[in-house]
Amino acid sequence: MAIIPNSAEDPKKPGKTKAKKPPNADQAASKPATGGDRQNAASESVTFAGARTGLAAFAWCVLGFAVLIGAVYGTAPFWFGHVKPYLPAALKDPFEDPRIVAVAERSKAVEGLTEAQKSDAEAIRKLEEERTRFSGQLNELLQRLEAQDRALKSMQKMIQATSPPSQATDANKSISRLSDKLS
């Protein structure tokens, strides 16, 4: 569009005239932009430049966010000790129902009991094995004791069989005679 200082309708106001269409406008649309079509080329480059600007802005935002995260991570040893007491309260769910917390704690307690029962069952199994082993050893000792007792009884029978009571009285008489002779 071209601006003409004095329009035919009102000589005091600058007027606008209609832009004339170039005689080869149909051919210009199909051809690449040249010196005459700079306005069309400029509008196309603005579109592409706008797309490039959006992509660049996005890249700068990502880069800035990465730098911010790196700075927070790098300086954490200096400020984390001061913030740590406030974290449990900040991380707690504000909509957490205390009844659900109680049920969760009870379920953990039940899980602990089942683990204790498993360990107790293992201890009981080991005790049963030891009891079985000890009862086998006790049975073996009782058999040996009975064998010793039988051997002792058979010895006593042999002793009683070898010394008849009549000989014992004769031996006592001879000892008393010898004792008299010596006196």
# chains A, B, ... in the order shown; residues from 1 in each chain; ligands from 1
$ select_by_dssp --residues "region 65-98 of chain A" --states "helix (DSSP H, G or I)" --output "JSON, numbers by chain"
{"A": [65, 66, 67, 68, 69, 70, 71, 72, 73, 74, 75, 76, 77, 78, 79, 80, 81, 82, 83, 84, 85, 86, 87, 88, 89, 90, 91, 98]}
$ atom_distance --atom1 "CA of Phe134 (chain A)" --atom2 "CA of Thr114 (chain A)"
29.8 Å
$ atom_distance --atom1 "CA of Ala109 (chain A)" --atom2 "CA of Arg125 (chain A)"
24.1 Å
